[in-house]
Structures are given as structure tokens and as C-alpha cells.
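Remarks on the structure that follows.
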Amino acid sequence: MLPDVINGVAFRQSSPGEVETDLLILPIFEGDDVAAAAPGIAEAAGAALARAVETREIQGHPYELFLTGLNRPWRAARLALIGCGQAAGFSTERLRRVATAAALAARQRRIRRLAFVNRGGLTPAAAVQAITEGLVLAAFSGDEYKSGERGAAPPDEMLVVSAPGDGDGKALEEATRRGRVLGHASNLARQLCNEPSNVLTPSVFAERGAVIARDVGVQVSVLDESAISRLNMGLLLGVARGSAEPPRMLVLRYDPPGAAASPVLGLVGKGITFDTGGISIKPAEGMERMKDDMAGGAAVICAMRAIAELEAPFKVVGVVPMTENMPGGRAIKPGDILTGANGKTVEVINTDAEGRLILGDALWYAQQLGATHLVDVATLTGACVVALGRAASGLFGQPDAWVEVVRRTALAAGDRAWPLPLYDEYADQLKSEIADMLNTGGRPAGACTAAMFLKEFAGGLPWAHLDIAGTAWTEDAKAWQPKGPTAVAVRTLAELAFTSAEWK
């Protein structure tokens, strides 16, 4: 069974006054003439709106909210004005966040029906898609394990409203569908990341991932420890040794009818269902968060679902290595040497640098499946959090043209990624005296040396690495994002499957 994630959003071309709903949401900008934001709004909202404007209760600051009633002939019961900040520089990313913030506020007030008005200013289809994604993201609930009172349920009906003549109706309907699919996929990833590790073991993760992907026609195979061993994936098997839970490798193939043999996009996601650090054990404080060390794997699984639903035009393969990193009696130890499926030997210096090990075998396997362009996603290094904070993911790769395609796609999808370097000097930090390489280059440039390690397994192909350690989870709730998993990279990976004309 798939998790129950509400994703119903409809589209309608209409004037705002004709929409029958419990709450009509109207975005406004700083310096807006609020009375002119929608024809007839001043008369319908009456004295309450006039007073709010006069007293500057409404200024259009980002995510500022004002609610009031509406009079006939408008058919909506209430009006919500949601601030969008300055009109200059307004983007689909901000619009998506505004839509989520408005829907979350409506949900807290237990609104059952809402309609969000597209004010224009952006490409109509892109705006409608972003609004739809934002509304669907607000439907996520992270409190399913509570036995007592839970938070308010999402609205039963959500509507995106565009003015008549604002874009082609069929194109906007398709944009709404696209937004629903991407928002739903993101919420599925958030549910996976929210699962406790005693529930989401590697084998259960593989089973759930298989259901999520197979449900939309993606071909699925699950490699157990015997199959992994036959493929000589010594890096994955080495990390898995310390756990009583056996490892898995989830393999997903999207092969649309008539697709050319090339290109083939290969998506690889880190699937560590819990990371203690192994023998190089982590501090106790905050270790509970390590249940989300599989966020990259969840992103790949759910992106593959979206890719199939949206009928991308070419082949895509997804590979997710899954294991726990535990300090059991058979666990790898600092000083051990492991051999990857590509024949490279690795001296393990720190067992907490395990994600790059399992990704090494997975990147190799994606190439065996025919991948011509690679992207891996992983909560890989604390060093990336130090470098970029939680505002952006780290982006590495080769060649520059491919990295730029991924960067632009991530920005449009609302997943900001910032390019970081892969200088040759970083490889020097990974030199071992007794093996081909070390699994860590120490503290200096930790995110860069981790990416340099992965580069050794990319086979010279166009490859990008997204380090989402700082962006996969938020501890500080924001107007558009509750505390918890963010589903970073899901929309990026899905949208990337529609950009092949830009590939080099």
C-alpha cells in the first residue's frame, strides 16, 4: 500500500469573484495598491480592508497574512491576503513558498476549501505549476505516530485560479497536473524520511520503494546480499557488516516505448537507513536525526515515480544502495581495506565516512545499466553544512556544462544548489600508502574531498553530486516549511529528465 498523501488540486480560469470557496487567497506585493489587486475586491471586503490598508496592517511583506470576510456578489466566504515581498525579483521559488505558507495557514484554521489566485507576472504555466506544488506540499503531515490529538487535516478542496485569457487553458491544466505529480512525489519522500529506523530497515525501505515505483510502471528489481556479493560490491557489503539488518540494492528502470538507446540518465541515492557512525561513532546528541540519512535514496525513488507519471521521453535508471551503519562485532574498523565492484581498493580511515563507500558501488552499477549521465544525491558531509549552511545544497561534478544544467534545473525546481570545486589538490588528500585511496581526506575541504572520492567511481561520464546534508531536514520551522524532512532534490531529479536538449 502507498502512503496516504492528499494531492488533489484543481485548476480553473475565472475571475476571483466567481469562485465559490471557503477562503480565497490573493497574493500581494510590497507597495501594491491592494484595492487594485483584483477588480471589485475593495467593495467586496468593505471597511475591514480599507482600515487594514490605512493602518498599514497590510504591507505585503513576505508571508504576512491578513484575513477578512467577503460580501456578495463575491462567492467566496473569506479573503486572505498573503505577502509576496517585492515584485522585483519575484520567482517561481518564492511563489511556491507563498502558496505553501498560505495553505498551511489555512490548514491551521481548519479551512476545508481554498482557492489561490495567480496574480500573473510570471510565465502562466510555470506559475500555475509552482502554485500547485506549493499547495500539495502543505498537505504533508508528519505526526502519523501520535496516538493522541493530531494536527488539522489538509483542506478537502484546493483550487488554482487564473484570469480568463491568461495563457492556454489546456497548457495550464497540464501545468496543474505536473505540479500535483511533483508535489505528491515530494510528500512521499518526506514520509519515507520521517519513518523511524526500527520501522524503515533496509529491506522494508526496498519494499516500499518498489511499491512506490512499480505502482506507475517503473521496472523494479531488489538485489539481496547474495546478489550484491556476486557483483563484488565490497564497499556496500563492508558498511553493512556491522548491522544485523541485511543490505539491499534497489534498482529502478524507466524505459518508455520508442526511447532511443542514448542518453540514459542514471540517478543514484544514498540509502543509509540509520547512521551511528560505526566504530567511529557519532556523538549522542542529535543522533536521532540520522534516520534521515536515506534522504538521497528517497529522492531518487520518488523522482523515478514522477518521471514515469510525467512520461519523460528517454530512459532513466535509479540505483539506491540501502544499509545501516552500525558498530557491531563484525563492523569494519579504521585501517581495514575494502575493494569496490570496479576493482578500486579503499583504506577506511573513518567508518563514519560510509555514504561515499556505498555510493561508489552504486555509481559503478548505474554505468553497468547503461547510464550515460549521472547524478548522485546524498546527505554526505557535515563539512557542506559548514560551507553553505542550510540555504543551499553543495553541487560538484564534471564537465562544467553538465553541472550547469543541474544547477539551473535545481534553481527552477526550488532546490537551490551552489557549485563547489574539485581541484586536483583534493585528490592528494585521499592518497593511501597501502591502497588505491583513503575513504576520507580529513577535515580540510571535507565536502570537496568526499566529492573527489565519488568522482573516482563516475567512470569519466558527465556526473553531478548533490550534497544535501544541510538541506534534507530543517530544525527551524518557517512559514512555508514545518520542522522535518524537506524532500530536497525530488523535483530537481524529476525535472532533469526533461532537459536532454541542454545536455552535453
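Each chain in the C-alpha cells gets a letter, A, B and so on, in the order shown; residues start at 1 in every chain, and ligands are counted from 1 in the order they appear.
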
Please provide the set of residues having any atom within 10 Å of Val488 in chain A, restricted to only C-alpha atoms, with same-chain residues fewer than 2 positions apart removed, written as a PDB file with N, CA and C atoms, in the first residue's frame.
```pdb
ATOM      1  N   SER A 186       7.130  14.572  -3.788  1.00  0.00           N
ATOM      2  CA  SER A 186       7.883  15.194  -2.692  1.00  0.00           C
ATOM      3  C   SER A 186       7.333  14.765  -1.340  1.00  0.00           C
ATOM      4  N   ALA A 189       8.415  11.296  -0.456  1.00  0.00           N
ATOM      5  CA  ALA A 189       9.793  11.278   0.033  1.00  0.00           C
ATOM      6  C   ALA A 189       9.862  11.757   1.472  1.00  0.00           C
ATOM      7  N   ARG A 190       9.083  12.767   1.824  1.00  0.00           N
ATOM      8  CA  ARG A 190       9.073  13.274   3.200  1.00  0.00           C
ATOM      9  C   ARG A 190       8.556  12.209   4.163  1.00  0.00           C
ATOM     10  N   ALA A 295      17.793  10.162   2.850  1.00  0.00           N
ATOM     11  CA  ALA A 295      17.019  11.167   2.115  1.00  0.00           C
ATOM     12  C   ALA A 295      17.374  11.177   0.628  1.00  0.00           C
ATOM     13  N   GLY A 296      18.642  10.956   0.299  1.00  0.00           N
ATOM     14  CA  GLY A 296      19.020  10.890  -1.113  1.00  0.00           C
ATOM     15  C   GLY A 296      18.368   9.730  -1.822  1.00  0.00           C
ATOM     16  N   ALA A 298      15.522   8.289  -0.931  1.00  0.00           N
ATOM     17  CA  ALA A 298      14.095   8.606  -1.050  1.00  0.00           C
ATOM     18  C   ALA A 298      13.856   9.545  -2.219  1.00  0.00           C
ATOM     19  N   ALA A 299      14.758  10.518  -2.405  1.00  0.00           N
ATOM     20  CA  ALA A 299      14.615  11.462  -3.511  1.00  0.00           C
ATOM     21  C   ALA A 299      14.668  10.745  -4.858  1.00  0.00           C
ATOM     22  N   VAL A 377      22.823  11.784  -5.166  1.00  0.00           N
ATOM     23  CA  VAL A 377      22.258  12.665  -4.137  1.00  0.00           C
ATOM     24  C   VAL A 377      22.485  12.009  -2.785  1.00  0.00           C
ATOM     25  N   ALA A 392      21.405  26.109   0.861  1.00  0.00           N
ATOM     26  CA  ALA A 392      21.655  25.517  -0.453  1.00  0.00           C
ATOM     27  C   ALA A 392      22.390  24.201  -0.300  1.00  0.00           C
ATOM     28  N   SER A 393      22.191  23.322  -1.275  1.00  0.00           N
ATOM     29  CA  SER A 393      22.948  22.069  -1.350  1.00  0.00           C
ATOM     30  C   SER A 393      24.263  22.329  -2.062  1.00  0.00           C
ATOM     31  N   ALA A 410      17.864  22.709 -10.749  1.00  0.00           N
ATOM     32  CA  ALA A 410      17.600  22.764  -9.310  1.00  0.00           C
ATOM     33  C   ALA A 410      17.008  24.110  -8.918  1.00  0.00           C
ATOM     34  N   ALA A 413      13.457  24.339  -9.877  1.00  0.00           N
ATOM     35  CA  ALA A 413      12.637  23.406  -9.090  1.00  0.00           C
ATOM     36  C   ALA A 413      12.483  23.834  -7.642  1.00  0.00           C
ATOM     37  N   GLY A 414      13.195  24.887  -7.240  1.00  0.00           N
ATOM     38  CA  GLY A 414      13.118  25.334  -5.853  1.00  0.00           C
ATOM     39  C   GLY A 414      14.105  24.658  -4.939  1.00  0.00           C
ATOM     40  N   ASP A 415      15.109  23.981  -5.511  1.00  0.00           N
ATOM     41  CA  ASP A 415      16.154  23.302  -4.729  1.00  0.00           C
ATOM     42  C   ASP A 415      17.491  23.986  -5.014  1.00  0.00           C
ATOM     43  N   ARG A 416      17.765  25.058  -4.333  1.00  0.00           N
ATOM     44  CA  ARG A 416      18.988  25.807  -4.639  1.00  0.00           C
ATOM     45  C   ARG A 416      20.233  24.955  -4.405  1.00  0.00           C
ATOM     46  N   ILE A 468      23.337  17.033   0.136  1.00  0.00           N
ATOM     47  CA  ILE A 468      22.132  17.625   0.719  1.00  0.00           C
ATOM     48  C   ILE A 468      22.136  17.520   2.248  1.00  0.00           C
ATOM     49  N   THR A 471      20.342  20.472   3.698  1.00  0.00           N
ATOM     50  CA  THR A 471      19.035  20.866   3.154  1.00  0.00           C
ATOM     51  C   THR A 471      17.963  19.786   3.242  1.00  0.00           C
ATOM     52  N   ALA A 472      18.327  18.575   3.636  1.00  0.00           N
ATOM     53  CA  ALA A 472      17.358  17.475   3.658  1.00  0.00           C
ATOM     54  C   ALA A 472      16.390  17.556   4.824  1.00  0.00           C
ATOM     55  N   TRP A 473      16.758  18.277   5.859  1.00  0.00           N
ATOM     56  CA  TRP A 473      15.954  18.347   7.078  1.00  0.00           C
ATOM     57  C   TRP A 473      16.073  19.751   7.663  1.00  0.00           C
ATOM     58  N   PRO A 485      11.520  16.762   7.407  1.00  0.00           N
ATOM     59  CA  PRO A 485      12.093  16.477   6.084  1.00  0.00           C
ATOM     60  C   PRO A 485      11.588  17.450   5.027  1.00  0.00           C
ATOM     61  N   THR A 486      12.447  17.754   4.060  1.00  0.00           N
ATOM     62  CA  THR A 486      12.125  18.768   3.054  1.00  0.00           C
ATOM     63  C   THR A 486      11.865  18.209   1.667  1.00  0.00           C
ATOM     64  N   VAL A 490      13.951  15.987  -5.025  1.00  0.00           N
ATOM     65  CA  VAL A 490      12.951  15.193  -5.745  1.00  0.00           C
ATOM     66  C   VAL A 490      12.549  15.896  -7.037  1.00  0.00           C
ATOM     67  N   ARG A 491      12.155  17.161  -6.926  1.00  0.00           N
ATOM     68  CA  ARG A 491      11.700  17.886  -8.110  1.00  0.00           C
ATOM     69  C   ARG A 491      12.858  18.137  -9.084  1.00  0.00           C
ATOM     70  N   THR A 492      14.050  18.375  -8.545  1.00  0.00           N
ATOM     71  CA  THR A 492      15.215  18.580  -9.409  1.00  0.00           C
ATOM     72  C   THR A 492      15.466  17.371 -10.291  1.00  0.00           C
ATOM     73  N   LEU A 493      15.522  16.189  -9.685  1.00  0.00           N
ATOM     74  CA  LEU A 493      15.804  14.975 -10.445  1.00  0.00           C
ATOM     75  C   LEU A 493      14.711  14.693 -11.466  1.00  0.00           C
TER      76      LEU A 493
END
```

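Within 12 Å of Leu122 in chain A, once only C-alpha atoms are used and residues closer than 3 positions along the same chain are dropped, the contacting residues are A:Ala87, A:Ala88, A:Gly89, A:Phe90, A:Ser91, A:Thr92, A:Glu93, A:Arg94, A:Leu95, A:Asn118, A:Arg119, A:Ala125, A:Ala126, A:Ala127, A:Val128, A:Gln129, A:Ala130, A:Ile131, A:Ser162, A:Asp166, A:Gly167.
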
Exercise for the section: Would you please give, as a ChimeraX atom specification, all residues of range 338-486 of chain A that DSSP assigns to strand (DSSP E or B) based on the backbone? Expected result: /A:338-339,345-347,373-378,393-398,417-419,437-438,463-467,473-474,478,481,484-485

Practice task
Can you pull out every residue within 7 Å of range 59-66 of chain A, counting only C-alpha atoms, but drop anything in the same chain fewer than 2 positions away, and send it as a list in words?
Solution key: Ile28, Phe29, Glu30, Gly31, Arg56, Glu57, Thr68, Ala80, Leu81, Ile82, Gly83, Cys84, Gly85, Val98, Ala101 and Ala479 of chain A

Keeping only N, CA and C atoms, write the selected residues to a file as an mmCIF file, in the first residue's frame.
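Written file, part22.cif:
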```cif
data_model
loop_
_atom_site.group_PDB
_atom_site.id
_atom_site.type_symbol
_atom_site.label_atom_id
_atom_site.label_comp_id
_atom_site.auth_asym_id
_atom_site.auth_seq_id
_atom_site.Cartn_x
_atom_site.Cartn_y
_atom_site.Cartn_z
ATOM 1 N N ILE A 28 -0.184 39.561 -2.589
ATOM 2 C CA ILE A 28 0.067 40.992 -2.786
ATOM 3 C C ILE A 28 1.554 41.265 -2.579
ATOM 4 N N PHE A 29 2.026 42.335 -3.210
ATOM 5 C CA PHE A 29 3.430 42.722 -3.129
ATOM 6 C C PHE A 29 3.587 43.969 -2.268
ATOM 7 N N GLU A 30 4.791 44.208 -1.829
ATOM 8 C CA GLU A 30 5.089 45.439 -1.102
ATOM 9 C C GLU A 30 4.844 46.630 -2.028
ATOM 10 N N GLY A 31 4.114 47.607 -1.523
ATOM 11 C CA GLY A 31 3.804 48.786 -2.321
ATOM 12 C C GLY A 31 2.609 48.627 -3.233
ATOM 13 N N ARG A 56 -1.741 50.293 7.828
ATOM 14 C CA ARG A 56 -0.559 49.552 7.377
ATOM 15 C C ARG A 56 -0.448 48.167 8.025
ATOM 16 N N GLU A 57 -1.611 47.649 8.391
ATOM 17 C CA GLU A 57 -1.637 46.255 8.836
ATOM 18 C C GLU A 57 -1.245 45.333 7.684
ATOM 19 N N THR A 68 -10.100 38.460 6.210
ATOM 20 C CA THR A 68 -11.343 39.200 6.435
ATOM 21 C C THR A 68 -12.471 38.508 5.688
ATOM 22 N N ALA A 80 -8.081 35.957 2.135
ATOM 23 C CA ALA A 80 -6.763 36.004 2.775
ATOM 24 C C ALA A 80 -5.801 36.707 1.828
ATOM 25 N N LEU A 81 -5.166 37.768 2.313
ATOM 26 C CA LEU A 81 -4.100 38.419 1.571
ATOM 27 C C LEU A 81 -2.773 37.876 2.099
ATOM 28 N N ILE A 82 -1.918 37.379 1.208
ATOM 29 C CA ILE A 82 -0.635 36.796 1.598
ATOM 30 C C ILE A 82 0.483 37.607 0.960
ATOM 31 N N GLY A 83 1.432 38.058 1.767
ATOM 32 C CA GLY A 83 2.511 38.895 1.276
ATOM 33 C C GLY A 83 3.523 38.121 0.451
ATOM 34 N N CYS A 84 3.992 38.745 -0.628
ATOM 35 C CA CYS A 84 4.981 38.133 -1.525
ATOM 36 C C CYS A 84 6.297 38.892 -1.530
ATOM 37 N N GLY A 85 6.424 39.948 -0.728
ATOM 38 C CA GLY A 85 7.639 40.737 -0.761
ATOM 39 C C GLY A 85 7.661 41.666 -1.955
ATOM 40 N N VAL A 98 5.137 30.906 -1.117
ATOM 41 C CA VAL A 98 3.967 31.690 -0.701
ATOM 42 C C VAL A 98 2.724 30.812 -0.712
ATOM 43 N N ALA A 101 2.878 28.489 2.290
ATOM 44 C CA ALA A 101 2.628 29.229 3.533
ATOM 45 C C ALA A 101 1.148 29.545 3.691
ATOM 46 N N ALA A 479 7.545 29.711 7.623
ATOM 47 C CA ALA A 479 6.155 29.872 7.192
ATOM 48 C C ALA A 479 5.771 28.842 6.142
#
```

Problem - All residues 12 Å or closer to Leu192 in chain A, only C-alpha atoms, same chain fewer than 6 positions away omitted, as a ChimeraX atom specification - result: /A:2-3,5,140-142,185-186,199-202,204-209,212,271,273,291-302,484-487

Exercise for the section: Name the closest residue to Asp33 in chain A among the candidates A:Ala331, A:Leu49, A:Ala477, A:Ala458; distances are taken between atoms, counting only C-alpha atoms. Expected result: A:Leu49
